[in-house]
>>> print(open('entry_39.pdb').read())   # PDB, C-alpha atoms and all ligand atoms
ATOM      1  CA  MET A  28     -18.832  21.361  33.879
ATOM      2  CA  ALA A  29     -18.026  21.033  30.208
ATOM      3  CA  ASN A  30     -19.172  23.726  27.839
ATOM      4  CA  THR A  31     -21.465  21.898  25.461
ATOM      5  CA  HIS A  32     -22.681  24.970  23.578
ATOM      6  CA  ARG A  33     -22.665  24.154  19.889
ATOM      7  CA  SER A  34     -21.472  27.046  17.755
ATOM      8  CA  HIS A  35     -20.929  24.859  14.686
ATOM      9  CA  PRO A  36     -23.476  22.212  13.723
ATOM     10  CA  GLY A  37     -22.448  19.121  15.659
ATOM     11  CA  ILE A  38     -19.165  20.495  17.003
ATOM     12  CA  SER A  39     -19.121  21.737  20.589
ATOM     13  CA  GLN A  40     -16.815  24.412  22.004
ATOM     14  CA  GLU A  41     -15.285  21.666  24.142
ATOM     15  CA  LEU A  42     -14.353  19.763  21.000
ATOM     16  CA  LEU A  43     -13.109  22.817  19.081
ATOM     17  CA  ALA A  44     -10.712  23.419  21.972
ATOM     18  CA  VAL A  45      -9.023  20.019  21.494
ATOM     19  CA  LEU A  46      -9.049  19.893  17.686
ATOM     20  CA  ARG A  47      -5.730  20.568  15.953
ATOM     21  CA  CYS A  48      -4.600  21.044  12.359
ATOM     22  CA  THR A  49      -3.161  17.804  10.955
ATOM     23  CA  ALA A  50      -0.495  19.784   9.060
ATOM     24  CA  CYS A  51       0.829  22.317  11.595
ATOM     25  CA  ARG A  52      -0.917  21.426  14.908
ATOM     26  CA  GLY A  53      -2.496  24.910  14.975
ATOM     27  CA  LEU A  54      -5.903  25.582  16.527
ATOM     28  CA  VAL A  55      -8.892  24.830  14.339
ATOM     29  CA  GLU A  56     -11.811  27.221  13.899
ATOM     30  CA  GLU A  57     -15.119  27.386  12.115
ATOM     31  CA  HIS A  58     -15.098  28.055   8.397
ATOM     32  CA  SER A  59     -17.834  28.484   5.786
ATOM     33  CA  LYS A  60     -16.841  25.114   4.263
ATOM     34  CA  GLY A  61     -16.388  23.253   7.566
ATOM     35  CA  LEU A  62     -13.342  23.846   9.747
ATOM     36  CA  ALA A  63     -10.026  25.558   9.023
ATOM     37  CA  CYS A  64      -6.643  25.936  10.673
ATOM     38  CA  SER A  65      -6.268  29.349  12.319
ATOM     39  CA  HIS A  66      -2.517  29.191  11.725
ATOM     40  CA  CYS A  67      -1.859  27.806   8.206
ATOM     41  CA  GLY A  68      -5.378  28.212   6.798
ATOM     42  CA  LEU A  69      -5.789  24.577   5.713
ATOM     43  CA  VAL A  70      -9.504  23.850   5.222
ATOM     44  CA  PHE A  71     -11.129  20.650   6.476
ATOM     45  CA  PRO A  72     -14.345  20.500   4.464
ATOM     46  CA  GLU A  73     -17.629  19.241   5.806
ATOM     47  CA  VAL A  74     -19.184  16.862   3.276
ATOM     48  CA  ASN A  75     -22.434  14.973   3.932
ATOM     49  CA  GLY A  76     -22.419  16.054   7.562
ATOM     50  CA  VAL A  77     -18.842  14.916   8.301
ATOM     51  CA  VAL A  78     -15.733  17.093   8.602
ATOM     52  CA  ARG A  79     -12.918  15.461   6.611
ATOM     53  CA  PHE A  80      -9.350  15.495   7.903
ATOM     54  CA  VAL A  81      -8.364  13.153   5.052
ATOM     55  CA  SER A  82      -9.346  13.298   1.399
ATOM     56  CA  MET A  83      -9.156   9.556   0.641
ATOM     57  CA  GLU A  84     -10.066   6.224   2.210
ATOM     58  CA  TYR A  85      -6.613   4.773   1.356
ATOM     59  CA  TYR A  86      -6.484   1.088   2.438
ATOM     60  CA  ALA A  87      -9.874   1.265   4.212
ATOM     61  CA  GLY A  88     -12.137   1.326   1.133
ATOM     62  CA  SER A  89     -13.681  -2.089   1.818
ATOM     63  CA  PHE A  90     -14.933  -0.803   5.175
ATOM     64  CA  GLY A  91     -16.637   2.162   3.514
ATOM     65  CA  PHE A  92     -18.451  -0.294   1.218
ATOM     66  CA  GLN A  93     -19.254  -2.671   4.080
ATOM     67  CA  TRP A  94     -20.732  -0.123   6.471
ATOM     68  CA  LYS A  95     -22.759   1.687   3.811
ATOM     69  CA  LEU A  96     -24.352  -1.666   2.954
ATOM     70  CA  TYR A  97     -24.786  -2.843   6.561
ATOM     71  CA  ALA A  98     -25.440   0.597   8.018
ATOM     72  CA  ARG A  99     -27.624  -0.500  10.946
ATOM     73  CA  THR A 100     -27.274  -4.307  11.120
ATOM     74  CA  GLN A 101     -25.062  -4.320  14.229
ATOM     75  CA  LEU A 102     -26.660  -1.368  16.030
ATOM     76  CA  ASP A 103     -28.249  -2.339  19.335
ATOM     77  CA  ASN A 104     -32.031  -2.084  19.595
ATOM     78  CA  GLU A 105     -34.873  -3.162  21.877
ATOM     79  CA  GLN A 106     -34.344  -6.825  20.967
ATOM     80  CA  SER A 107     -30.553  -7.002  20.845
ATOM     81  CA  ARG A 108     -27.748  -5.764  23.089
ATOM     82  CA  ARG A 109     -25.015  -7.636  21.218
ATOM     83  CA  SER A 110     -22.859  -4.556  20.608
ATOM     84  CA  GLU A 111     -23.083  -3.596  24.280
ATOM     85  CA  GLN A 112     -22.002  -7.109  25.316
ATOM     86  CA  ALA A 113     -19.130  -7.058  22.799
ATOM     87  CA  PHE A 114     -18.110  -3.590  24.015
ATOM     88  CA  ARG A 115     -17.816  -4.844  27.617
ATOM     89  CA  ARG A 116     -15.964  -8.031  26.635
ATOM     90  CA  ARG A 117     -13.459  -6.143  24.466
ATOM     91  CA  THR A 118     -12.786  -3.026  26.579
ATOM     92  CA  GLY A 119     -13.774  -3.849  30.163
ATOM     93  CA  PHE A 120     -15.451  -0.419  30.299
ATOM     94  CA  GLY A 121     -18.953   0.056  31.693
ATOM     95  CA  PRO A 122     -21.368   2.948  32.205
ATOM     96  CA  GLU A 123     -19.776   3.698  35.597
ATOM     97  CA  ASP A 124     -16.511   4.461  33.762
ATOM     98  CA  LEU A 125     -17.732   6.392  30.741
ATOM     99  CA  ALA A 126     -20.676   8.487  31.985
ATOM    100  CA  GLY A 127     -19.904  12.187  31.615
ATOM    101  CA  LYS A 128     -16.483  11.538  30.057
ATOM    102  CA  LEU A 129     -14.909  12.690  26.799
ATOM    103  CA  VAL A 130     -14.205   9.478  24.900
ATOM    104  CA  LEU A 131     -12.376   8.790  21.626
ATOM    105  CA  ASP A 132     -13.523   5.864  19.446
ATOM    106  CA  VAL A 133     -10.687   5.033  17.034
ATOM    107  CA  GLY A 134     -12.110   3.393  13.910
ATOM    108  CA  CYS A 135     -15.780   3.802  14.760
ATOM    109  CA  GLY A 136     -17.089   2.139  11.569
ATOM    110  CA  MET A 137     -20.862   2.627  11.416
ATOM    111  CA  GLY A 138     -20.883   3.657  15.084
ATOM    112  CA  ARG A 139     -22.124   0.527  16.904
ATOM    113  CA  PHE A 140     -19.786   0.962  19.893
ATOM    114  CA  ALA A 141     -20.022   4.765  19.945
ATOM    115  CA  GLU A 142     -23.791   4.278  20.196
ATOM    116  CA  VAL A 143     -23.278   2.133  23.321
ATOM    117  CA  ALA A 144     -20.911   4.683  24.890
ATOM    118  CA  THR A 145     -23.289   7.596  24.234
ATOM    119  CA  ARG A 146     -26.168   5.567  25.700
ATOM    120  CA  TRP A 147     -24.006   5.254  28.828
ATOM    121  CA  GLY A 148     -23.661   9.042  28.989
ATOM    122  CA  ALA A 149     -20.256   9.579  27.354
ATOM    123  CA  ARG A 150     -19.488  12.432  24.976
ATOM    124  CA  VAL A 151     -17.981  10.431  22.137
ATOM    125  CA  VAL A 152     -15.714  11.528  19.315
ATOM    126  CA  GLY A 153     -15.558   8.876  16.596
ATOM    127  CA  ILE A 154     -12.999   8.812  13.818
ATOM    128  CA  ASP A 155     -12.835   6.510  10.829
ATOM    129  CA  LEU A 156     -10.546   6.508   7.814
ATOM    130  CA  SER A 157     -13.300   5.258   5.526
ATOM    131  CA  VAL A 158     -16.552   6.879   4.406
ATOM    132  CA  ALA A 159     -18.207   4.717   7.072
ATOM    133  CA  ALA A 160     -17.801   7.961   9.048
ATOM    134  CA  GLU A 161     -20.856   9.258   7.122
ATOM    135  CA  VAL A 162     -22.895   6.237   8.194
ATOM    136  CA  ALA A 163     -21.804   6.664  11.826
ATOM    137  CA  ALA A 164     -22.689  10.373  11.730
ATOM    138  CA  ALA A 165     -26.189   9.497  10.474
ATOM    139  CA  ASN A 166     -26.628   6.676  13.020
ATOM    140  CA  LEU A 167     -25.472   8.923  15.872
ATOM    141  CA  ALA A 168     -27.179  12.128  14.711
ATOM    142  CA  SER A 169     -29.486  12.308  17.727
ATOM    143  CA  SER A 170     -26.747  11.475  20.259
ATOM    144  CA  SER A 171     -23.887  13.359  21.903
ATOM    145  CA  ALA A 172     -21.344  11.913  19.454
ATOM    146  CA  THR A 173     -19.322  13.732  16.802
ATOM    147  CA  VAL A 174     -17.754  11.851  13.916
ATOM    148  CA  PHE A 175     -14.807  12.822  11.720
ATOM    149  CA  GLN A 176     -13.142  11.151   8.770
ATOM    150  CA  ALA A 177      -9.538  11.000   9.943
ATOM    151  CA  ASP A 178      -6.391   8.865   9.891
ATOM    152  CA  VAL A 179      -5.020   7.254  13.067
ATOM    153  CA  PHE A 180      -1.516   8.250  11.913
ATOM    154  CA  GLN A 181      -2.555  11.917  11.598
ATOM    155  CA  LEU A 182      -5.088  12.474  14.322
ATOM    156  CA  PRO A 183      -6.509  16.006  14.573
ATOM    157  CA  PHE A 184      -6.370  16.272  18.374
ATOM    158  CA  ALA A 185      -4.205  17.968  20.983
ATOM    159  CA  ASP A 186      -2.288  15.815  23.476
ATOM    160  CA  GLU A 187      -4.037  15.010  26.782
ATOM    161  CA  SER A 188      -7.534  15.631  25.398
ATOM    162  CA  PHE A 189      -9.506  12.485  26.262
ATOM    163  CA  ASP A 190     -10.603  10.739  29.472
ATOM    164  CA  TYR A 191     -11.002   7.397  27.701
ATOM    165  CA  ILE A 192      -9.867   5.941  24.373
ATOM    166  CA  TYR A 193     -10.933   2.646  22.861
ATOM    167  CA  SER A 194     -10.301   0.929  19.550
ATOM    168  CA  ILE A 195     -12.184  -2.282  18.870
ATOM    169  CA  GLY A 196     -11.068  -4.497  15.993
ATOM    170  CA  VAL A 197      -9.425  -1.699  14.019
ATOM    171  CA  LEU A 198      -5.690  -1.206  14.563
ATOM    172  CA  HIS A 199      -4.836  -4.633  13.058
ATOM    173  CA  HIS A 200      -6.270  -3.298   9.773
ATOM    174  CA  THR A 201      -3.571  -0.594   9.524
ATOM    175  CA  PRO A 202      -0.176  -1.109   7.840
ATOM    176  CA  ASP A 203       1.562  -1.084  11.269
ATOM    177  CA  CYS A 204      -0.597  -2.036  14.243
ATOM    178  CA  GLN A 205       2.029  -1.208  16.871
ATOM    179  CA  ALA A 206       2.766   2.213  15.362
ATOM    180  CA  ALA A 207      -0.972   2.932  15.151
ATOM    181  CA  PHE A 208      -1.431   2.009  18.823
ATOM    182  CA  LYS A 209       1.408   4.293  19.874
ATOM    183  CA  MET A 210      -0.371   7.299  18.374
ATOM    184  CA  LEU A 211      -3.079   7.004  21.044
ATOM    185  CA  PRO A 212      -1.668   7.219  24.624
ATOM    186  CA  PRO A 213      -0.391  10.811  24.155
ATOM    187  CA  LEU A 214      -4.025  11.851  23.571
ATOM    188  CA  LEU A 215      -5.095  10.568  27.010
ATOM    189  CA  LYS A 216      -5.404  12.942  29.941
ATOM    190  CA  PRO A 217      -3.232  11.956  32.933
ATOM    191  CA  GLY A 218      -5.105   9.159  34.720
ATOM    192  CA  GLY A 219      -7.111   8.410  31.557
ATOM    193  CA  ARG A 220      -7.717   4.841  30.408
ATOM    194  CA  ILE A 221      -7.268   3.102  27.064
ATOM    195  CA  ALA A 222      -8.476  -0.284  25.821
ATOM    196  CA  VAL A 223      -7.845  -2.040  22.530
ATOM    197  CA  TRP A 224      -9.144  -5.276  21.089
ATOM    198  CA  LEU A 225      -7.135  -6.985  18.355
ATOM    199  CA  TYR A 226      -7.388 -10.225  16.408
ATOM    200  CA  SER A 227      -5.868 -13.095  18.349
ATOM    201  CA  GLY A 228      -2.544 -14.573  17.286
ATOM    202  CA  TYR A 229      -3.295 -17.746  19.292
ATOM    203  CA  ASN A 230      -5.998 -19.171  17.071
ATOM    204  CA  HIS A 231      -4.733 -20.869  13.899
ATOM    205  CA  TRP A 232      -8.136 -22.227  13.006
ATOM    206  CA  TYR A 233      -8.681 -19.379  10.519
ATOM    207  CA  SER A 234      -5.216 -19.415   8.957
ATOM    208  CA  MET A 235      -6.483 -20.441   5.505
ATOM    209  CA  SER A 236      -8.441 -17.197   5.270
ATOM    210  CA  ASP A 237      -5.107 -15.321   5.367
ATOM    211  CA  VAL A 238      -4.010 -17.336   2.329
ATOM    212  CA  TYR A 239      -7.228 -16.640   0.432
ATOM    213  CA  ARG A 240      -7.240 -12.977   1.425
ATOM    214  CA  LYS A 241      -4.169 -12.363  -0.728
ATOM    215  CA  ILE A 242      -6.614 -12.780  -3.637
ATOM    216  CA  THR A 243      -9.947 -11.742  -2.131
ATOM    217  CA  ARG A 244      -8.667  -8.333  -0.985
ATOM    218  CA  ARG A 245      -7.922  -7.518  -4.636
ATOM    219  CA  MET A 246     -11.479  -8.293  -5.729
ATOM    220  CA  SER A 247     -14.022  -5.502  -6.023
ATOM    221  CA  PRO A 248     -16.060  -5.305  -2.804
ATOM    222  CA  GLN A 249     -19.227  -5.871  -4.843
ATOM    223  CA  LEU A 250     -17.926  -9.159  -6.297
ATOM    224  CA  LEU A 251     -16.461 -10.398  -3.006
ATOM    225  CA  HIS A 252     -19.734  -9.618  -1.270
ATOM    226  CA  LYS A 253     -21.568 -11.823  -3.811
ATOM    227  CA  PHE A 254     -19.120 -14.666  -3.025
ATOM    228  CA  CYS A 255     -19.851 -14.258   0.674
ATOM    229  CA  TYR A 256     -23.458 -15.263   0.060
ATOM    230  CA  GLY A 257     -21.940 -18.749  -0.250
ATOM    231  CA  VAL A 258     -21.925 -18.932   3.555
ATOM    232  CA  VAL A 259     -25.710 -19.416   3.498
ATOM    233  CA  PRO A 260     -25.666 -22.867   1.801
ATOM    234  CA  LEU A 261     -22.324 -23.721   3.481
ATOM    235  CA  TYR A 262     -23.878 -23.143   6.894
ATOM    236  CA  ALA A 263     -26.723 -25.514   5.992
ATOM    237  CA  LEU A 264     -24.141 -28.076   4.832
ATOM    238  CA  HIS A 265     -22.281 -27.801   8.163
ATOM    239  CA  LYS A 266     -25.501 -28.350  10.094
ATOM    240  CA  LEU A 267     -26.262 -31.393   7.966
ATOM    241  CA  LEU A 268     -22.756 -32.836   8.359
ATOM    242  CA  ARG A 269     -22.828 -32.460  12.133
ATOM    243  CA  ARG A 270     -25.859 -34.702  12.317
ATOM    244  CA  ILE A 271     -23.931 -37.631  10.803
ATOM    245  CA  PRO A 272     -22.593 -39.859  13.608
ATOM    246  CA  LEU A 273     -18.807 -40.188  14.093
ATOM    247  CA  VAL A 274     -17.510 -38.799  10.778
ATOM    248  CA  GLY A 275     -19.865 -35.801  10.550
ATOM    249  CA  ARG A 276     -18.188 -33.484  13.046
ATOM    250  CA  PRO A 277     -14.599 -34.082  11.832
ATOM    251  CA  ALA A 278     -15.811 -33.546   8.257
ATOM    252  CA  SER A 279     -17.471 -30.268   9.255
ATOM    253  CA  GLY A 280     -14.267 -29.274  11.078
ATOM    254  CA  ALA A 281     -12.118 -30.034   8.042
ATOM    255  CA  LEU A 282     -14.458 -28.027   5.807
ATOM    256  CA  ALA A 283     -14.383 -25.112   8.269
ATOM    257  CA  TYR A 284     -10.572 -25.230   8.242
ATOM    258  CA  LEU A 285     -10.407 -25.281   4.443
ATOM    259  CA  VAL A 286     -13.100 -22.641   3.961
ATOM    260  CA  PRO A 287     -13.102 -20.420   7.059
ATOM    261  CA  MET A 288     -16.355 -18.525   7.491
ATOM    262  CA  ALA A 289     -18.391 -16.858  10.203
ATOM    263  CA  PHE A 290     -20.919 -19.104  11.961
ATOM    264  CA  ASN A 291     -23.297 -16.487  13.257
ATOM    265  CA  PRO A 292     -26.839 -17.956  13.358
ATOM    266  CA  ASP A 293     -28.167 -14.709  11.838
ATOM    267  CA  PRO A 294     -27.459 -15.025   8.078
ATOM    268  CA  LYS A 295     -27.032 -11.269   7.618
ATOM    269  CA  TRP A 296     -24.378 -11.078  10.372
ATOM    270  CA  ARG A 297     -22.778 -14.247   8.965
ATOM    271  CA  ILE A 298     -22.354 -12.737   5.481
ATOM    272  CA  LEU A 299     -21.166  -9.428   6.953
ATOM    273  CA  ASP A 300     -18.616 -11.067   9.281
ATOM    274  CA  THR A 301     -17.285 -13.311   6.513
ATOM    275  CA  PHE A 302     -16.898 -10.306   4.194
ATOM    276  CA  ASP A 303     -15.141  -8.525   7.063
ATOM    277  CA  TRP A 304     -12.506 -11.320   7.202
ATOM    278  CA  TYR A 305     -11.783 -11.561   3.504
ATOM    279  CA  SER A 306     -11.915  -7.921   2.394
ATOM    280  CA  PRO A 307      -9.360  -5.905   4.447
ATOM    281  CA  TRP A 308      -6.065  -5.005   2.818
ATOM    282  CA  TYR A 309      -4.233  -5.353   6.150
ATOM    283  CA  GLN A 310      -5.130  -7.835   8.878
ATOM    284  CA  SER A 311      -2.487  -8.664  11.488
ATOM    285  CA  LYS A 312      -2.869 -10.983  14.502
ATOM    286  CA  HIS A 313      -1.405 -10.346  17.948
ATOM    287  CA  THR A 314      -0.535 -11.932  21.301
ATOM    288  CA  TYR A 315      -0.934 -10.612  24.844
ATOM    289  CA  GLU A 316       2.843 -10.510  25.272
ATOM    290  CA  GLU A 317       3.199  -8.209  22.275
ATOM    291  CA  VAL A 318       0.365  -5.899  23.262
ATOM    292  CA  PHE A 319       1.502  -5.694  26.912
ATOM    293  CA  ARG A 320       4.934  -4.595  25.678
ATOM    294  CA  TRP A 321       3.344  -1.827  23.580
ATOM    295  CA  PHE A 322       1.356  -0.608  26.588
ATOM    296  CA  GLU A 323       4.430  -0.713  28.842
ATOM    297  CA  SER A 324       6.627   1.086  26.315
ATOM    298  CA  CYS A 325       4.080   3.942  26.339
ATOM    299  CA  GLY A 326       4.329   4.201  30.137
ATOM    300  CA  LEU A 327       0.816   2.844  30.672
ATOM    301  CA  ARG A 328       0.141   1.055  33.962
ATOM    302  CA  ASP A 329      -2.511  -1.048  35.761
ATOM    303  CA  LEU A 330      -2.565  -3.267  32.680
ATOM    304  CA  SER A 331      -5.292  -5.866  32.606
ATOM    305  CA  VAL A 332      -6.432  -8.667  30.352
ATOM    306  CA  ILE A 333     -10.059  -8.220  29.296
ATOM    307  CA  ASP A 334     -12.441 -11.105  28.533
ATOM    308  CA  GLN A 335     -12.145 -11.607  24.790
ATOM    309  CA  PRO A 336      -8.629 -12.245  23.377
ATOM    310  CA  VAL A 337      -6.722 -10.162  22.599
ATOM    311  CA  ALA A 338      -8.063  -7.261  24.690
ATOM    312  CA  VAL A 339      -5.890  -5.130  26.971
ATOM    313  CA  GLN A 340      -6.714  -2.123  29.122
ATOM    314  CA  GLY A 341      -4.300   0.309  30.757
ATOM    315  CA  ARG A 342      -4.090   3.658  32.516
ATOM    316  CA  LYS A 343      -1.934   6.697  31.897
ATOM    317  CA  ALA A 344       0.027   7.833  34.957
ATOM    318  CA  PHE A 345      -0.777  11.045  36.796
ATOM    319  CA  ALA A 346       2.078  13.557  36.718
ATOM    320  CA  GLN A 347       2.740  13.149  40.472
ATOM    321  CA  GLU A 348       2.984   9.325  40.092
ATOM    322  CA  SER A 349       5.715   9.631  37.467
ATOM    323  CA  ARG A 350       7.527  12.261  39.535
ATOM    324  CA  ALA A 351       7.394  10.193  42.734
ATOM    325  CA  GLU A 352       8.878   7.179  40.957
ATOM    326  CA  PHE A 353      11.576   9.288  39.386
ATOM    327  CA  GLU A 354      12.599  10.684  42.770
ATOM    328  CA  GLN A 355      12.547   7.266  44.486
ATOM    329  CA  PRO A 356      15.817   5.291  44.191
ATOM    330  CA  GLU A 357      15.466   2.264  41.911
ATOM    331  CA  VAL A 358      16.538  -0.209  44.625
ATOM    332  CA  GLU A 359      13.690   0.850  46.913
ATOM    333  CA  ARG A 360      11.086   0.271  44.229
ATOM    334  CA  CYS A 361      12.173  -3.354  43.889
ATOM    335  CA  VAL A 362      12.062  -4.147  47.645
ATOM    336  CA  GLU A 363       8.836  -5.867  48.639
TER
HETATM  337 ZN    ZN B 401      -2.402  24.331  10.090
END
>>> encode(input="entry_39.pdb", output="structure tokens")
Amino acid sequence: MANTHRSHPGISQELLAVLRCTACRGLVEEHSKGLACSHCGLVFPEVNGVVRFVSMEYYAGSFGFQWKLYARTQLDNEQSRRSEQAFRRRTGFGPEDLAGKLVLDVGCGMGRFAEVATRWGARVVGIDLSVAAEVAAANLASSSATVFQADVFQLPFADESFDYIYSIGVLHHTPDCQAAFKMLPPLLKPGGRIAVWLYSGYNHWYSMSDVYRKITRRMSPQLLHKFCYGVVPLYALHKLLRRIPLVGRPASGALAYLVPMAFNPDPKWRILDTFDWYSPWYQSKHTYEEVFRWFESCGLRDLSVIDQPVAVQGRKAFAQESRAEFEQPEVERCVE
């Protein structure tokens, strides 16, 4: 049974035991300003309810803007379970997997998927590089989740800490998606599972947005957001075009190719999703072959393709599995 006694507001003893200093890997303890390293004394201040393991948003500033503005738009409620559906399609995890488990959400944004996991009974730790961490902390205040502002390349956790790790639509927004992914498997307990969802490298329908993003990512988020309101009349134009026999649909297709945009029927989601495409500084696309190789190179096994491309799930070996294979001669392993 996990010790869930909270000695520090929002931070359980269980969590303190797995937290590590980002500078020296020393144990972290409570401090009047937040948390501090018990070895080198580095202080990780708590600001607006979130302990900060980084002092800047770096390349993730647009996400801080985005999730402060759309703080609750994508949170599930009585009427909508869209985040829960997306969570299943992009991780393959369900309540039967996550209930009672310690789970790491890498790049939690405003906390839409962490909210699903906590509803399923998981104890979730969310990290985000941007100040969206503040929004997630507020959204998840009444749940069993804890949120930190932290960098995937400098994660403040001990190895073999988590039962499950997921990262949904995040790692492709780092300067090196593969390197970011490889930071995660060491944090899994033996037998633990990891799932990531990344933008698909198979779909070239949106390729023009990569061209435009060279400019749009340099715009202020406020200005770019105003531009994204253009998807409201554009959506109406698409609907109109598609009603024209024969030429209407190809014309709508050509327009969609030239000006890629989200087509969510809900205008608020449509503006948000379009902003989300055009604002990130980094946005790489990936194939299953690539991602499978990353998983394999980390020693993960039981790899599976999850519903929505590109989503892959894998499991970390138990110590005895690795030992048994090591002791078994290679030739025997290949015999069917
Ligand atoms: Zn330290």
>>> closest_atom_pairs(input="entry_39.pdb", of="chain A", to="ligand ZN 401 (chain B)", cutoff="6 Å", atoms="all atoms listed in the file", output="JSON lines")
{"residue": "A:Cys48", "atom": "CA", "partner": "B:ZN401", "partner_atom": "ZN", "distance": 4.6}
{"residue": "A:Ala50", "atom": "CA", "partner": "B:ZN401", "partner_atom": "ZN", "distance": 5.0}
{"residue": "A:Cys51", "atom": "CA", "partner": "B:ZN401", "partner_atom": "ZN", "distance": 4.1}
{"residue": "A:Arg52", "atom": "CA", "partner": "B:ZN401", "partner_atom": "ZN", "distance": 5.8}
{"residue": "A:Gly53", "atom": "CA", "partner": "B:ZN401", "partner_atom": "ZN", "distance": 4.9}
{"residue": "A:Cys64", "atom": "CA", "partner": "B:ZN401", "partner_atom": "ZN", "distance": 4.6}
{"residue": "A:His66", "atom": "CA", "partner": "B:ZN401", "partner_atom": "ZN", "distance": 5.1}
{"residue": "A:Cys67", "atom": "CA", "partner": "B:ZN401", "partner_atom": "ZN", "distance": 4.0}
{"residue": "A:Gly68", "atom": "CA", "partner": "B:ZN401", "partner_atom": "ZN", "distance": 5.9}
{"residue": "A:Leu69", "atom": "CA", "partner": "B:ZN401", "partner_atom": "ZN", "distance": 5.5}
>>> closest_residue(input="entry_39.pdb", among="A:Thr243, A:Gln112, A:Thr118, A:Ser89", to="Arg220 in chain A", atoms="all atoms listed in the file")
A:Thr118
>>> closest_residue(input="entry_39.pdb", among="A:Ser169, A:Ser306, A:Ser157, A:Thr100", to="Ser82 in chain A", atoms="all atoms listed in the file")
A:Ser157
>>> closest_residue(input="entry_39.pdb", among="A:Leu62, A:Ala283, A:Leu299, A:Ala207", to="Lys95 in chain A", atoms="only C-alpha atoms")
A:Leu299
>>> closest_residue(input="entry_39.pdb", among="A:Ser188, A:Thr145, A:Ser349, A:Ser236", to="Leu46 in chain A", atoms="all atoms listed in the file")
A:Ser188
>>> closest_atom_pairs(input="entry_39.pdb", of="range 201-233 of chain A", to="range 321-326 of chain A", cutoff="12 Å", atoms="only C-alpha atoms", output="Markdown table")
| residue | atom | partner | partner_atom | distance |
| --- | --- | --- | --- | --- |
| A:Cys204 | CA | A:Trp321 | CA | 10.1 |
| A:Gln205 | CA | A:Trp321 | CA | 6.9 |
| A:Ala206 | CA | A:Trp321 | CA | 9.2 |
| A:Ala207 | CA | A:Trp321 | CA | 10.6 |
| A:Phe208 | CA | A:Trp321 | CA | 7.8 |
| A:Lys209 | CA | A:Cys325 | CA | 7.0 |
| A:Met210 | CA | A:Cys325 | CA | 9.7 |
| A:Leu211 | CA | A:Cys325 | CA | 9.4 |
| A:Pro212 | CA | A:Cys325 | CA | 6.8 |
| A:Pro213 | CA | A:Cys325 | CA | 8.5 |
| A:Leu214 | CA | A:Cys325 | CA | 11.7 |
| A:Leu215 | CA | A:Cys325 | CA | 11.3 |
| A:Pro217 | CA | A:Gly326 | CA | 11.2 |
| A:Gly218 | CA | A:Gly326 | CA | 11.6 |
| A:Arg220 | CA | A:Phe322 | CA | 11.3 |
| A:Ile221 | CA | A:Phe322 | CA | 9.4 |
| A:Ala222 | CA | A:Phe322 | CA | 9.9 |
| A:Val223 | CA | A:Phe322 | CA | 10.2 |
>>> write_last_selection(input="entry_39.pdb", atoms="C-alpha atoms", output="mmCIF file, in the frame of the given file")
data_model
loop_
_atom_site.group_PDB
_atom_site.id
_atom_site.type_symbol
_atom_site.label_atom_id
_atom_site.label_comp_id
_atom_site.auth_asym_id
_atom_site.auth_seq_id
_atom_site.Cartn_x
_atom_site.Cartn_y
_atom_site.Cartn_z
ATOM 1 C CA CYS A 204 -0.597 -2.036 14.243
ATOM 2 C CA GLN A 205 2.029 -1.208 16.871
ATOM 3 C CA ALA A 206 2.766 2.213 15.362
ATOM 4 C CA ALA A 207 -0.972 2.932 15.151
ATOM 5 C CA PHE A 208 -1.431 2.009 18.823
ATOM 6 C CA LYS A 209 1.408 4.293 19.874
ATOM 7 C CA MET A 210 -0.371 7.299 18.374
ATOM 8 C CA LEU A 211 -3.079 7.004 21.044
ATOM 9 C CA PRO A 212 -1.668 7.219 24.624
ATOM 10 C CA PRO A 213 -0.391 10.811 24.155
ATOM 11 C CA LEU A 214 -4.025 11.851 23.571
ATOM 12 C CA LEU A 215 -5.095 10.568 27.010
ATOM 13 C CA PRO A 217 -3.232 11.956 32.933
ATOM 14 C CA GLY A 218 -5.105 9.159 34.720
ATOM 15 C CA ARG A 220 -7.717 4.841 30.408
ATOM 16 C CA ILE A 221 -7.268 3.102 27.064
ATOM 17 C CA ALA A 222 -8.476 -0.284 25.821
ATOM 18 C CA VAL A 223 -7.845 -2.040 22.530
#
>>> residues_near_point(input="entry_39.pdb", point="(-2.7, 1.6, 31.1)", cutoff="7 Å", atoms="only C-alpha atoms", output="compact mmCIF listing (two decimals) with C-alpha atoms, in the frame of the given file")
# COMPACT_ATOMS: atom_id res chain seq x y z
CA ARG A 220 -7.72 4.84 30.41
CA ILE A 221 -7.27 3.10 27.06
CA PHE A 322 1.36 -0.61 26.59
CA LEU A 327 0.82 2.84 30.67
CA ARG A 328 0.14 1.06 33.96
CA ASP A 329 -2.51 -1.05 35.76
CA LEU A 330 -2.56 -3.27 32.68
CA GLN A 340 -6.71 -2.12 29.12
CA GLY A 341 -4.30 0.31 30.76
CA ARG A 342 -4.09 3.66 32.52
CA LYS A 343 -1.93 6.70 31.90
>>> resolve_selection(input="entry_39.pdb", expression="the PyMOL selection byres (((chain A and resi 300) around 12) and not hetatm)", output="number ranges by chain")
A: 90, 93-94, 97, 100-101, 252, 255-256, 258, 287-299, 301-307
>>> atom_distance(input="entry_39.pdb", atom1="CA of Lys312 in chain A", atom2="CA of Trp232 in chain A")
12.5 Å
>>> axis_aligned_box(input="entry_39.pdb", around="range 98-114 of chain A", padding_each_side="3 Å", output="AutoDock Vina command-line options")
--center_x -26.5 --center_y -3.5 --center_z 16.7 --size_x 22.8 --size_y 14.2 --size_z 23.3
>>> closest_residue(input="entry_39.pdb", among="A:Arg139, A:His265, A:Arg116, A:Arg350", to="Ala338 in chain A", atoms="all atoms listed in the file")
A:Arg116
